[in-house]
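Peer 1: Sharing target_17.cif below, mmCIF, C-alpha atoms and all ligand atoms:
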data_query
#
loop_
_atom_site.label_atom_id
_atom_site.label_comp_id
_atom_site.auth_asym_id
_atom_site.auth_seq_id
_atom_site.Cartn_x
_atom_site.Cartn_y
_atom_site.Cartn_z
CA MET A 247 1.99 32.28 9.21
CA ASP A 248 4.25 33.65 6.52
CA PRO A 249 4.65 31.22 3.57
CA VAL A 250 8.42 31.20 4.04
CA ASP A 251 8.01 30.28 7.71
CA LEU A 252 5.59 27.53 6.74
CA GLU A 253 8.10 26.03 4.36
CA VAL A 254 10.87 26.27 6.97
CA GLU A 255 8.66 24.53 9.50
CA PHE A 256 7.72 21.81 7.01
CA ASN A 257 11.36 21.16 6.09
CA GLY A 258 12.28 21.11 9.76
CA LEU A 259 9.66 18.45 10.49
CA VAL A 260 10.81 16.31 7.57
CA GLU A 261 14.48 16.61 8.50
CA ALA A 262 13.72 15.74 12.13
CA ASP A 263 12.04 12.56 10.85
CA GLN A 264 8.68 13.72 12.13
CA ARG A 265 5.51 12.85 10.25
CA ILE A 266 3.54 15.32 8.18
CA GLU A 267 -0.18 14.99 8.93
CA PRO A 268 -3.14 15.79 6.64
CA ARG A 269 -3.93 19.29 7.85
CA ASP A 270 -0.33 20.48 8.08
CA TRP A 271 0.88 22.96 5.54
CA MET A 272 2.85 21.22 2.78
CA PRO A 273 4.38 22.33 -0.54
CA ASP A 274 2.08 21.79 -3.53
CA GLY A 275 4.73 19.60 -5.12
CA TYR A 276 4.85 17.34 -2.07
CA ARG A 277 1.08 16.95 -2.15
CA ARG A 278 1.02 16.28 -5.91
CA ASN A 279 3.89 13.83 -5.70
CA LEU A 280 2.20 11.91 -2.88
CA ILE A 281 -1.18 11.81 -4.61
CA ARG A 282 0.48 10.45 -7.74
CA GLN A 283 2.44 7.81 -5.84
CA ILE A 284 -0.32 6.70 -3.46
CA ALA A 285 -2.93 6.58 -6.22
CA GLN A 286 -0.63 4.52 -8.42
CA HIS A 287 0.05 2.23 -5.48
CA ALA A 288 -3.68 1.87 -4.73
CA HIS A 289 -4.52 1.15 -8.38
CA SER A 290 -1.76 -1.48 -8.43
CA GLU A 291 -3.27 -3.32 -5.47
CA ILE A 292 -6.70 -3.37 -7.12
CA ILE A 293 -5.58 -4.21 -10.68
CA GLY A 294 -3.20 -6.76 -9.14
CA MET A 295 -6.21 -8.81 -8.05
CA GLN A 296 -6.88 -9.78 -11.67
CA PRO A 297 -3.91 -11.97 -12.62
CA GLU A 298 -4.33 -14.13 -9.51
CA GLY A 299 -8.12 -13.92 -9.46
CA ASN A 300 -7.87 -15.69 -12.81
CA TRP A 301 -6.93 -18.91 -10.97
CA ILE A 302 -9.33 -18.90 -8.01
CA THR A 303 -11.86 -21.20 -9.64
CA ARG A 304 -9.11 -23.54 -10.82
CA ALA A 305 -6.92 -23.77 -7.73
CA PRO A 306 -5.77 -27.40 -7.38
CA SER A 307 -7.12 -27.95 -3.86
CA LEU A 308 -9.55 -26.41 -1.40
CA ARG A 309 -6.60 -25.38 0.76
CA ARG A 310 -4.94 -23.51 -2.08
CA LYS A 311 -8.25 -21.99 -3.09
CA ALA A 312 -9.00 -20.66 0.40
CA ILE A 313 -5.46 -19.22 0.61
CA LEU A 314 -5.72 -17.58 -2.80
CA MET A 315 -9.10 -16.03 -1.99
CA ALA A 316 -7.73 -14.66 1.28
CA LYS A 317 -4.74 -13.19 -0.53
CA VAL A 318 -6.77 -11.55 -3.27
CA GLN A 319 -9.14 -10.18 -0.63
CA ASP A 320 -6.14 -8.72 1.21
CA GLU A 321 -5.08 -6.93 -1.98
CA ALA A 322 -8.54 -5.33 -2.15
CA GLY A 323 -8.01 -4.20 1.45
CA HIS A 324 -4.58 -2.78 0.58
CA GLY A 325 -6.15 -0.78 -2.23
CA LEU A 326 -8.74 0.62 0.19
CA TYR A 327 -6.17 1.56 2.86
CA LEU A 328 -4.26 3.42 0.16
CA TYR A 329 -7.26 5.20 -1.37
CA CYS A 330 -8.17 6.41 2.10
CA ALA A 331 -4.59 7.66 2.63
CA ALA A 332 -4.77 9.51 -0.71
CA GLU A 333 -8.11 11.06 0.24
CA THR A 334 -6.52 12.74 3.27
CA LEU A 335 -4.63 14.85 0.71
CA GLY A 336 -7.86 16.33 -0.58
CA VAL A 337 -8.70 14.12 -3.56
CA ASP A 338 -11.76 11.94 -3.89
CA ARG A 339 -11.49 8.21 -4.53
CA ALA A 340 -14.01 8.50 -7.38
CA GLU A 341 -11.73 11.06 -9.05
CA LEU A 342 -8.76 8.74 -8.78
CA ILE A 343 -10.72 5.91 -10.34
CA ASP A 344 -11.81 8.20 -13.17
CA GLN A 345 -8.17 9.12 -13.74
CA LEU A 346 -7.18 5.46 -13.83
CA HIS A 347 -9.91 4.74 -16.37
CA ALA A 348 -8.86 7.73 -18.46
CA GLY A 349 -5.26 6.47 -18.46
CA ARG A 350 -3.99 9.56 -16.64
CA GLN A 351 -2.84 7.55 -13.61
CA LYS A 352 -0.89 4.33 -13.85
CA TYR A 353 -0.57 1.09 -11.97
CA SER A 354 2.41 -1.23 -11.72
CA SER A 355 3.43 -2.60 -15.11
CA VAL A 356 3.96 -6.07 -13.62
CA PHE A 357 0.21 -6.71 -13.63
CA ASN A 358 0.09 -6.41 -17.40
CA TYR A 359 1.54 -9.89 -17.78
CA PRO A 360 -0.76 -12.93 -18.07
CA THR A 361 -1.03 -15.82 -15.61
CA LEU A 362 -0.73 -18.77 -17.96
CA THR A 363 -0.45 -21.68 -15.51
CA TRP A 364 -1.16 -22.45 -11.86
CA ALA A 365 2.57 -22.10 -11.14
CA ASP A 366 2.26 -18.39 -11.98
CA VAL A 367 0.25 -17.92 -8.78
CA GLY A 368 3.15 -19.27 -6.73
CA ALA A 369 5.69 -17.24 -8.72
CA ILE A 370 3.66 -14.06 -8.19
CA GLY A 371 3.45 -14.61 -4.44
CA TRP A 372 7.15 -15.33 -4.18
CA LEU A 373 8.53 -12.75 -6.64
CA VAL A 374 5.92 -10.04 -7.20
CA ASP A 375 4.82 -9.83 -3.57
CA GLY A 376 8.47 -10.21 -2.57
CA ALA A 377 9.43 -7.18 -4.67
CA ALA A 378 6.40 -5.27 -3.40
CA ILE A 379 7.44 -5.97 0.21
CA THR A 380 10.98 -4.78 -0.53
CA ASN A 381 9.46 -1.54 -1.78
CA GLN A 382 6.89 -1.20 0.99
CA ILE A 383 8.95 -1.83 4.13
CA PRO A 384 10.87 1.48 3.87
CA LEU A 385 7.58 3.24 3.07
CA CYS A 386 6.47 2.44 6.64
CA ARG A 387 8.82 5.31 7.57
CA CYS A 388 7.58 7.64 4.84
CA SER A 389 7.27 11.28 5.95
CA TYR A 390 3.53 11.39 5.28
CA GLY A 391 1.71 9.92 8.30
CA PRO A 392 -1.38 8.36 6.69
CA TYR A 393 0.71 6.69 3.95
CA ALA A 394 3.21 5.35 6.48
CA ARG A 395 0.41 3.97 8.68
CA ALA A 396 -1.29 2.29 5.71
CA MET A 397 2.05 0.67 4.84
CA VAL A 398 2.42 -0.76 8.33
CA ARG A 399 -0.91 -2.56 7.95
CA VAL A 400 -0.05 -3.68 4.43
CA CYS A 401 3.37 -5.04 5.37
CA LYS A 402 1.92 -7.07 8.23
CA GLU A 403 -0.41 -8.77 5.77
CA GLU A 404 2.10 -9.16 2.95
CA SER A 405 4.38 -11.59 4.72
CA PHE A 406 1.83 -14.36 4.34
CA HIS A 407 1.52 -13.54 0.65
CA GLN A 408 5.14 -14.21 -0.06
CA ARG A 409 5.28 -17.32 2.11
CA GLN A 410 2.23 -18.94 0.55
CA GLY A 411 3.71 -18.29 -2.91
CA PHE A 412 7.02 -19.82 -1.96
CA GLU A 413 5.31 -22.85 -0.42
CA SER A 414 3.16 -23.41 -3.47
CA LEU A 415 6.11 -23.08 -5.83
CA TYR A 416 8.22 -25.37 -3.64
CA ALA A 417 5.52 -28.06 -3.81
CA LEU A 418 5.65 -27.86 -7.61
CA SER A 419 9.42 -27.67 -7.97
CA HIS A 420 9.78 -30.74 -5.75
CA GLY A 421 6.95 -32.60 -7.50
CA THR A 422 6.95 -34.45 -10.81
CA PRO A 423 9.31 -33.40 -13.63
CA GLU A 424 6.32 -31.78 -15.37
CA GLN A 425 5.48 -29.78 -12.26
CA HIS A 426 9.10 -28.71 -11.89
CA ALA A 427 9.14 -27.59 -15.51
CA MET A 428 5.93 -25.61 -14.97
CA ALA A 429 7.43 -23.88 -11.92
CA GLN A 430 10.63 -23.08 -13.85
CA ASP A 431 8.61 -21.67 -16.74
CA ALA A 432 6.69 -19.41 -14.34
CA VAL A 433 9.93 -18.12 -12.78
CA ASP A 434 11.37 -17.56 -16.26
CA ARG A 435 8.43 -15.30 -17.07
CA TRP A 436 8.01 -13.47 -13.74
CA TRP A 437 11.65 -12.87 -12.77
CA TRP A 438 12.36 -9.81 -14.91
CA PRO A 439 8.95 -8.14 -14.54
CA SER A 440 9.42 -8.45 -10.74
CA LEU A 441 12.83 -6.77 -10.89
CA MET A 442 11.30 -4.01 -13.01
CA LEU A 443 8.48 -3.57 -10.49
CA LEU A 444 11.01 -1.64 -8.42
CA GLY A 445 10.99 1.11 -11.03
CA PRO A 446 13.30 2.48 -13.72
CA SER A 447 17.03 2.63 -13.07
CA ASP A 448 18.23 5.53 -10.92
CA ALA A 449 19.70 7.26 -13.96
CA GLU A 450 16.23 7.45 -15.50
CA SER A 451 13.95 7.82 -12.52
CA THR A 452 12.37 11.27 -12.69
CA HIS A 453 10.90 11.38 -9.19
CA THR A 454 13.51 9.69 -7.04
CA SER A 455 15.76 12.53 -5.88
CA GLN A 456 12.91 14.84 -4.90
CA SER A 457 11.07 11.97 -3.19
CA MET A 458 14.19 11.11 -1.23
CA ALA A 459 14.66 14.73 -0.17
CA TRP A 460 11.07 14.77 1.09
CA ARG A 461 11.66 11.39 2.76
CA ILE A 462 8.79 9.83 0.90
CA LYS A 463 11.28 7.32 -0.45
CA ARG A 464 14.22 6.12 1.64
CA PHE A 465 16.13 4.14 -0.96
CA THR A 466 16.62 4.49 -4.69
CA ASN A 467 15.09 2.02 -7.13
CA ASP A 468 18.46 0.41 -7.81
CA GLU A 469 19.17 0.01 -4.08
CA LEU A 470 15.80 -1.70 -3.62
CA ARG A 471 16.43 -3.94 -6.63
CA GLN A 472 19.74 -5.05 -5.14
CA ARG A 473 18.04 -5.85 -1.83
CA PHE A 474 15.37 -7.84 -3.61
CA VAL A 475 17.86 -9.87 -5.62
CA ASP A 476 19.92 -10.51 -2.48
CA MET A 477 16.79 -11.84 -0.79
CA VAL A 478 15.40 -14.08 -3.55
CA ALA A 479 18.55 -15.43 -5.20
CA PRO A 480 19.38 -17.83 -2.32
CA GLN A 481 15.68 -18.72 -2.05
CA ALA A 482 15.76 -19.80 -5.70
CA ASP A 483 18.47 -22.30 -4.76
CA VAL A 484 16.19 -23.83 -2.13
CA LEU A 485 13.42 -24.00 -4.70
CA GLU A 486 15.85 -25.69 -7.09
CA LEU A 487 14.76 -23.24 -9.74
CA THR A 488 17.06 -21.12 -11.89
CA PRO A 489 16.42 -17.41 -12.39
CA PRO A 490 16.67 -16.56 -16.10
CA ASP A 491 19.77 -14.39 -15.66
CA PRO A 492 23.14 -15.81 -16.71
CA GLU A 493 24.90 -12.93 -14.93
CA LEU A 494 23.35 -13.71 -11.55
CA ARG A 495 26.10 -14.73 -9.14
CA TRP A 496 27.33 -13.98 -5.64
CA ASN A 497 30.01 -11.31 -5.53
CA GLU A 498 32.16 -11.92 -2.48
CA ALA A 499 33.92 -8.56 -2.74
CA ARG A 500 30.70 -6.53 -2.84
CA GLY A 501 28.82 -8.78 -0.42
CA HIS A 502 25.93 -8.72 -2.87
CA TYR A 503 24.66 -10.67 -5.84
CA ASP A 504 25.61 -9.34 -9.26
CA PHE A 505 22.80 -9.46 -11.78
CA GLY A 506 22.08 -8.51 -15.37
CA GLU A 507 20.45 -5.40 -16.75
CA CYS A 508 16.65 -5.30 -17.06
CA ASP A 509 15.18 -4.81 -20.51
CA TRP A 510 14.28 -1.16 -20.02
CA ASP A 511 12.75 -0.91 -23.48
CA GLU A 512 10.30 -3.59 -22.45
CA LEU A 513 9.44 -1.64 -19.27
CA ARG A 514 8.88 1.53 -21.29
CA ARG A 515 6.67 -0.38 -23.72
CA VAL A 516 4.56 -1.96 -20.99
CA VAL A 517 4.25 1.26 -18.97
CA GLY A 518 3.34 3.02 -22.21
CA GLY A 519 0.35 0.73 -22.66
CA ASP A 520 1.77 -1.99 -24.87
CA GLY A 521 2.15 -4.92 -22.51
CA PRO A 522 0.43 -8.26 -23.13
CA CYS A 523 -2.63 -7.44 -20.97
CA ASN A 524 -2.89 -3.64 -20.55
CA ARG A 525 -6.16 -3.26 -22.42
CA GLN A 526 -7.70 -6.33 -20.84
CA ARG A 527 -6.83 -5.23 -17.28
CA LEU A 528 -8.26 -1.75 -17.69
CA ALA A 529 -11.34 -2.92 -19.58
CA HIS A 530 -12.07 -5.41 -16.82
CA HIS A 531 -11.77 -2.72 -14.16
CA VAL A 532 -14.04 -0.37 -16.08
CA SER A 533 -16.69 -3.03 -16.60
CA ALA A 534 -16.58 -4.21 -12.97
CA HIS A 535 -16.98 -0.59 -11.89
CA GLU A 536 -19.88 0.02 -14.26
CA GLU A 537 -21.59 -3.23 -13.44
CA GLY A 538 -21.44 -2.30 -9.77
CA ALA A 539 -23.15 1.05 -10.34
CA TRP A 540 -26.63 -0.29 -9.63
CA VAL A 541 -25.50 -1.63 -6.26
CA ARG A 542 -24.14 1.77 -5.25
CA GLU A 543 -27.33 3.44 -6.47
CA ALA A 544 -29.55 1.02 -4.57
CA ALA A 545 -27.52 1.46 -1.38
CA ALA A 546 -27.70 5.23 -1.76
CA ALA A 547 -31.47 5.15 -2.31
CA TYR A 548 -31.91 2.96 0.76
CA ALA A 549 -29.68 5.25 2.83
CA ALA A 550 -31.53 8.36 1.69
CA LYS A 551 -34.77 6.77 2.82
CA HIS A 552 -33.58 5.54 6.21
CA SER A 553 -30.69 7.59 7.41
CA ALA A 554 -29.99 11.13 8.46
CA VAL A 555 -26.65 11.11 6.68
CA GLY A 556 -27.58 11.88 3.09
CA VAL A 557 -25.85 10.80 -0.07
CA VAL A 558 -25.28 13.45 -2.69
CA ALA A 559 -25.16 12.86 -6.41
CA ALA A 560 -22.29 14.67 -8.09
CA MET B 168 -17.61 12.38 -15.42
CA SER B 169 -20.79 10.35 -15.59
CA GLU B 170 -23.53 10.90 -13.02
CA GLN B 171 -22.17 9.07 -10.01
CA VAL B 172 -23.26 8.24 -6.53
CA ARG B 173 -20.85 9.79 -4.02
CA GLU B 174 -20.96 7.73 -0.87
CA PRO B 175 -20.13 9.66 2.29
CA LEU B 176 -16.84 9.13 4.06
CA TRP B 177 -16.73 7.47 7.50
CA GLU B 178 -13.95 7.42 10.05
CA VAL B 179 -13.39 4.01 11.60
CA PHE B 180 -12.42 3.36 15.23
CA ILE B 181 -11.61 -0.10 16.54
CA ARG B 182 -11.28 -1.54 20.02
CA SER B 183 -8.66 -4.24 19.55
CA ARG B 184 -9.41 -5.99 22.85
CA ARG B 185 -11.14 -5.53 26.18
CA GLY B 186 -9.55 -2.93 28.38
CA LEU B 187 -8.38 -0.73 25.49
CA SER B 188 -10.10 2.30 24.01
CA HIS B 189 -11.25 2.56 20.41
CA ASN B 190 -8.46 3.78 18.13
CA HIS B 191 -8.72 5.50 14.79
CA VAL B 192 -7.63 3.10 12.03
CA GLY B 193 -8.67 4.84 8.81
CA SER B 194 -11.67 5.78 6.77
CA LEU B 195 -13.93 4.31 4.13
CA HIS B 196 -16.91 5.13 1.95
CA ALA B 197 -20.35 3.65 2.53
CA ALA B 198 -23.91 4.65 1.80
CA ASP B 199 -25.08 4.40 5.41
CA ALA B 200 -23.91 3.53 8.91
CA GLN B 201 -24.78 -0.16 8.72
CA MET B 202 -22.90 -0.57 5.44
CA ALA B 203 -20.01 1.39 6.89
CA LEU B 204 -19.85 -1.02 9.85
CA ARG B 205 -19.89 -4.05 7.57
CA ASN B 206 -17.28 -2.60 5.25
CA ALA B 207 -15.11 -1.67 8.23
CA ARG B 208 -15.32 -5.25 9.47
CA ASP B 209 -14.20 -6.54 6.07
CA VAL B 210 -11.48 -3.95 5.53
CA PHE B 211 -9.98 -3.60 9.00
CA THR B 212 -10.66 -6.80 10.96
CA ARG B 213 -9.87 -9.70 8.63
CA ARG B 214 -7.43 -11.08 11.22
CA MET B 215 -9.37 -10.49 14.41
CA GLU B 216 -7.87 -7.03 14.91
CA GLY B 217 -10.97 -5.89 16.76
CA ILE B 218 -13.88 -6.79 18.97
CA SER B 219 -15.82 -3.55 18.58
CA ILE B 220 -16.09 -0.99 15.78
CA TRP B 221 -17.34 2.60 15.75
CA VAL B 222 -18.02 4.44 12.51
CA VAL B 223 -18.49 8.21 12.50
CA PRO B 224 -19.39 10.38 9.50
CA SER B 225 -16.15 12.24 8.70
CA ALA B 226 -18.18 15.40 8.19
CA SER B 227 -19.26 15.26 11.85
CA ILE B 228 -15.74 15.61 13.18
CA THR B 229 -14.66 19.05 14.33
CA ALA B 230 -10.90 19.36 14.42
CA SER B 231 -8.60 21.99 15.84
CA SER B 232 -6.86 23.75 13.01
CA PRO B 233 -3.11 23.24 12.63
CA ASP B 234 -2.79 26.98 11.89
CA GLU B 235 -3.87 27.85 15.38
CA ARG B 236 -1.84 25.04 16.87
CA ASP B 237 0.55 27.28 18.77
CA PRO B 238 -1.91 29.75 20.33
CA PHE B 239 -4.52 27.03 20.78
CA PHE B 240 -2.31 24.79 22.89
CA GLU B 241 -0.33 27.62 24.36
CA PRO B 242 -2.07 27.72 27.77
CA ALA B 243 -0.41 24.39 28.62
CA ALA B 244 3.08 25.39 27.51
CA ASP B 245 4.15 27.58 30.42
CA LYS B 246 2.69 25.52 33.25
CA ALA B 247 5.57 23.27 34.10
CA TYR B 248 4.24 23.19 37.67
CA ARG B 249 1.58 20.75 36.46
CA HIS B 250 4.28 18.11 36.23
CA PRO B 251 5.76 16.30 39.24
CA THR B 252 9.32 16.91 38.00
CA PHE B 253 8.82 20.66 38.62
CA TYR B 254 9.25 20.24 42.35
CA ASP B 255 12.54 20.15 44.30
CA ILE B 256 12.38 17.55 47.03
CA PRO B 257 15.31 16.61 49.31
CA LYS B 258 16.98 13.42 48.06
CA GLU B 259 16.46 11.56 51.35
CA VAL B 260 12.68 11.73 51.01
CA LYS B 261 11.37 8.39 49.77
CA GLN B 262 8.11 7.40 48.11
CA LEU B 263 7.07 10.91 47.11
FE FE C 1 -0.75 -5.84 -1.51
FE FE C 2 0.33 -8.98 -1.63
#
Before we go any further, please render this structure as structure tokens.
Ligand SMILES: [Fe+2]
Ligand SMILES: [Fe+2]
Peer 2:
Amino acid sequence: MDPVDLEVEFNGLVEADQRIEPRDWMPDGYRRNLIRQIAQHAHSEIIGMQPEGNWITRAPSLRRKAILMAKVQDEAGHGLYLYCAAETLGVDRAELIDQLHAGRQKYSSVFNYPTLTWADVGAIGWLVDGAAITNQIPLCRCSYGPYARAMVRVCKEESFHQRQGFESLYALSHGTPEQHAMAQDAVDRWWWPSLMLLGPSDAESTHTSQSMAWRIKRFTNDELRQRFVDMVAPQADVLELTPPDPELRWNEARGHYDFGECDWDELRRVVGGDGPCNRQRLAHHVSAHEEGAWVREAAAAYAAKHSAVGVVAA
Amino acid sequence: MSEQVREPLWEVFIRSRRGLSHNHVGSLHAADAQMALRNARDVFTRRMEGISIWVVPSASITASSPDERDPFFEPAADKAYRHPTFYDIPKEVKQL
């Protein structure tokens, strides 16, 4: 087909809310944009295992430990669903991991903050997973089929993540004064990073308008942030915890909560590599990857010996 | 890039319960078929989403090309008479 016709057909499919599938023709920019977004999303799931993984051995009960392991394992699964969606666009997972290690692809800045106490695990489930869900639900209707399908699986699993976090935090905030203080401290530290998880403000977001035109995104970052705040602000009341935002209050006229401005300089700093844990997170990923090399090599050697489907070294 | 093992890609199909066919759910990398099955169990059936898994090397799948989509599926397009709604039947006829 003529390239112009191809583009017309592609735009027609997108506008009719149809899904684009891997072997359809698509503009290079659409493909690049999706690879960037899906890879960043996949890396975030995988790197996001670290802050919570930090508490698995020290969870306060067997129940909490089993829950936390299941959650962290889910995040690994989310990363894999997403890498496989990205691979349908013609990139290799190994390439994406190389790019992450080389600092050419990013992951969510929220995972560059440390988990200092057990309450952080609850705050992450409630706030970080809550913000992630707010972002991911509209992505279930993303124009790219494999990404949308991965998001459906992810969203099904995420709801337990947020609930377990809320439950854990609720137990602390309704416990002893020390436990309440620990829960409040965790919310103080995770509130703003969770709001910033939804991306830079619309005025500064470089990808939003094109992504919306391609129906990769359905809502702007600021719209998602408002939704998130509207969801968690009343939940904070139930928790009897106070978000660290003096401007947070219900606005009857708007039918939404008003809230303060994020510290965008902080977001830029953390995205730029200067958060509290950037180097540690990446170094850990690199070493886990390298330390696993012998397992992959052994499996490949075994497969080469026993199976018709060969493994190639690249 | 350092010398790296590239594990082949496998397509994963899952039968969610008896009476249903296997459905494609995604893909994953594994060194061999047994590893692919185990990985598929861990990645796609953590909540009892399946009772049977197939894994197929992605390279073994032959797909119709989207470029030839129109001519390829064309033979079916002008055969409306293959559908029951094509036929005019008097209204009073029941159960037909
Ligand atoms: Fe996740
Ligand atoms: Fe999660």
Peer 1: Can you tell me which residues come within 8 Å of ligand FE 2 (chain C) when counting all atoms listed in the file, ideally as a list in words?
Peer 2: Glu291, Lys317, Val318, Asp320, Glu321, Gly371, Val374, Asp375, Ala378, Ile379, Glu403, Glu404, Ser405, His407 and Gln408 of chain A
Peer 1: To one decimal place in Å, what is the distance between atom CA of A:Leu418 and atom CA of A:Met442?
Peer 2: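 Spanning atom CA of A:Leu418 to atom CA of A:Met442 is a straight-line distance of 25.1 Å.
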Peer 1: Which polymer residues have any atom within 8 Å of an atom of stretch 251-266 of chain A, counting all atoms listed in the file, with same-chain residues fewer than 4 positions away left out, as an mmCIF file with C-alpha atoms, in the frame of the given file?
Peer 2:
data_model
loop_
_atom_site.group_PDB
_atom_site.id
_atom_site.type_symbol
_atom_site.label_atom_id
_atom_site.label_comp_id
_atom_site.auth_asym_id
_atom_site.auth_seq_id
_atom_site.Cartn_x
_atom_site.Cartn_y
_atom_site.Cartn_z
ATOM 1 C CA MET A 247 1.990 32.280 9.210
ATOM 2 C CA ASP A 270 -0.330 20.480 8.080
ATOM 3 C CA TRP A 271 0.880 22.960 5.540
ATOM 4 C CA MET A 272 2.850 21.220 2.780
ATOM 5 C CA PRO A 273 4.380 22.330 -0.540
ATOM 6 C CA CYS A 388 7.580 7.640 4.840
ATOM 7 C CA SER A 389 7.270 11.280 5.950
ATOM 8 C CA TYR A 390 3.530 11.390 5.280
ATOM 9 C CA GLY A 391 1.710 9.920 8.300
ATOM 10 C CA TRP A 460 11.070 14.770 1.090
ATOM 11 C CA ARG A 461 11.660 11.390 2.760
#
Peer 1: Need the shell around B:Leu204: protein/DNA/RNA residues with any atom at most 8 Å away, counting all atoms listed in the file. Skip same-chain ones fewer than 3 positions apart. Format as a short mmCIF file (atom, residue, chain, number, x, y, z; two decimals) with C-alpha atoms, keeping the file's coordinate frame?
Peer 2:
data_model
loop_
_atom_site.label_atom_id
_atom_site.label_comp_id
_atom_site.auth_asym_id
_atom_site.auth_seq_id
_atom_site.Cartn_x
_atom_site.Cartn_y
_atom_site.Cartn_z
CA ALA B 200 -23.91 3.53 8.91
CA GLN B 201 -24.78 -0.16 8.72
CA ALA B 207 -15.11 -1.67 8.23
CA ARG B 208 -15.32 -5.25 9.47
CA ILE B 220 -16.09 -0.99 15.78
CA TRP B 221 -17.34 2.60 15.75
CA VAL B 222 -18.02 4.44 12.51
#
Peer 1: Would you list the contacts of A:Phe505 as a list in words, taking every protein, DNA or RNA residue within 10 Å and counting only C-alpha atoms, but skipping same-chain residues closer than 6 positions in sequence?
Peer 2: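 After dropping sequence-adjacent residues, the list is Arg471, Gln472, Val475, Asp476, Ala479, Asp491, Pro492, Glu493, Leu494, Arg495, Trp496 and Asn497 of chain A.
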Peer 1: Please list as a PyMOL selection string every residue within 9 Å of stretch 323-328 of chain A, counting only C-alpha atoms and excluding residues in the same chain fewer than 5 positions away.
Peer 2: (chain A and resi 284-285+287-292+318+333+392-393+396-397+399-400+403) or (chain B and resi 193-195+209-211)
Peer 1: Would you work out the distance separating atom CA of A:Asp431 from atom CA of A:Tyr416, expressed in Å to one decimal?
Peer 2: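 Going from atom CA of A:Asp431 over to atom CA of A:Tyr416 covers 13.6 Å.
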Peer 1: Could you check which of A:Leu441, A:Ala305, A:Ala340, A:Val250 is closest to chain B, using only C-alpha atoms?
Peer 2: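 So, comparing all the options, the nearest one is A:Ala340.
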Peer 1: Using all atoms listed in the file, pick whichever of A:Ala427, A:Phe406, A:Arg304, A:Leu415 has the shortest atom-to-atom distance to ligand FE 1 (chain C).
Peer 2: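 Nearest to ligand FE 1 (chain C): A:Phe406.
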Peer 1: Which residue gives the smallest distance to chain B among A:Leu444, A:Cys401, A:Val517, A:Ala322, with only C-alpha atoms counted?
Peer 2: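 The closest residue to chain B is A:Ala322.
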Peer 1: Up to 9 Å from chain A, what residues of chain B turn up? Count all atoms listed in the file and give them as a PyMOL selection string.
Peer 2: chain B and resi 168-175+192-200+202+209-211+213+224+232-234
Peer 1: Using all atoms listed in the file, determine which residues lie at most 12 Å from A:Val516, disregarding the query and same-chain residues fewer than 2 positions distant; provide the list as a list of chain:residue names.
Peer 2: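 Counting only the stated atoms, we get A:Lys352, A:Tyr353, A:Ser354, A:Ser355, A:Val356, A:Phe357, A:Asn358, A:Tyr359, A:Pro439, A:Met442, A:Leu443, A:Asp509, A:Trp510, A:Asp511, A:Glu512, A:Leu513, A:Arg514, A:Gly518, A:Gly519, A:Asp520, A:Gly521, A:Pro522, A:Cys523, A:Asn524, A:Arg525.
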Peer 1: Keeping C-alpha atoms for every residue in the selection just given, could you write it to a file as a PDB file, keeping the file's coordinate frame?
Peer 2:
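So the final result, stored in out-v4.pdb, reads:
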ATOM      1  CA  LYS A 352      -0.890   4.330 -13.850  1.00  0.00           C
ATOM      2  CA  TYR A 353      -0.570   1.090 -11.970  1.00  0.00           C
ATOM      3  CA  SER A 354       2.410  -1.230 -11.720  1.00  0.00           C
ATOM      4  CA  SER A 355       3.430  -2.600 -15.110  1.00  0.00           C
ATOM      5  CA  VAL A 356       3.960  -6.070 -13.620  1.00  0.00           C
ATOM      6  CA  PHE A 357       0.210  -6.710 -13.630  1.00  0.00           C
ATOM      7  CA  ASN A 358       0.090  -6.410 -17.400  1.00  0.00           C
ATOM      8  CA  TYR A 359       1.540  -9.890 -17.780  1.00  0.00           C
ATOM      9  CA  PRO A 439       8.950  -8.140 -14.540  1.00  0.00           C
ATOM     10  CA  MET A 442      11.300  -4.010 -13.010  1.00  0.00           C
ATOM     11  CA  LEU A 443       8.480  -3.570 -10.490  1.00  0.00           C
ATOM     12  CA  ASP A 509      15.180  -4.810 -20.510  1.00  0.00           C
ATOM     13  CA  TRP A 510      14.280  -1.160 -20.020  1.00  0.00           C
ATOM     14  CA  ASP A 511      12.750  -0.910 -23.480  1.00  0.00           C
ATOM     15  CA  GLU A 512      10.300  -3.590 -22.450  1.00  0.00           C
ATOM     16  CA  LEU A 513       9.440  -1.640 -19.270  1.00  0.00           C
ATOM     17  CA  ARG A 514       8.880   1.530 -21.290  1.00  0.00           C
ATOM     18  CA  GLY A 518       3.340   3.020 -22.210  1.00  0.00           C
ATOM     19  CA  GLY A 519       0.350   0.730 -22.660  1.00  0.00           C
ATOM     20  CA  ASP A 520       1.770  -1.990 -24.870  1.00  0.00           C
ATOM     21  CA  GLY A 521       2.150  -4.920 -22.510  1.00  0.00           C
ATOM     22  CA  PRO A 522       0.430  -8.260 -23.130  1.00  0.00           C
ATOM     23  CA  CYS A 523      -2.630  -7.440 -20.970  1.00  0.00           C
ATOM     24  CA  ASN A 524      -2.890  -3.640 -20.550  1.00  0.00           C
ATOM     25  CA  ARG A 525      -6.160  -3.260 -22.420  1.00  0.00           C
TER      26      ARG A 525
END
Peer 1: What's the separation between atom CA of A:Phe412 and atom CA of A:Ala429, in Å to one decimal place?
Peer 2: 10.8 Å
Peer 1: Quick one: what's the axis-aligned box for stretch 492-507 of chain A, all listed atoms, 4 Å on every side, centre and edges in Å to one decimal, as AutoDock Vina command-line options?
Peer 2:
--center_x 27.2 --center_y -10.6 --center_z -8.6 --size_x 21.5 --size_y 18.4 --size_z 24.3
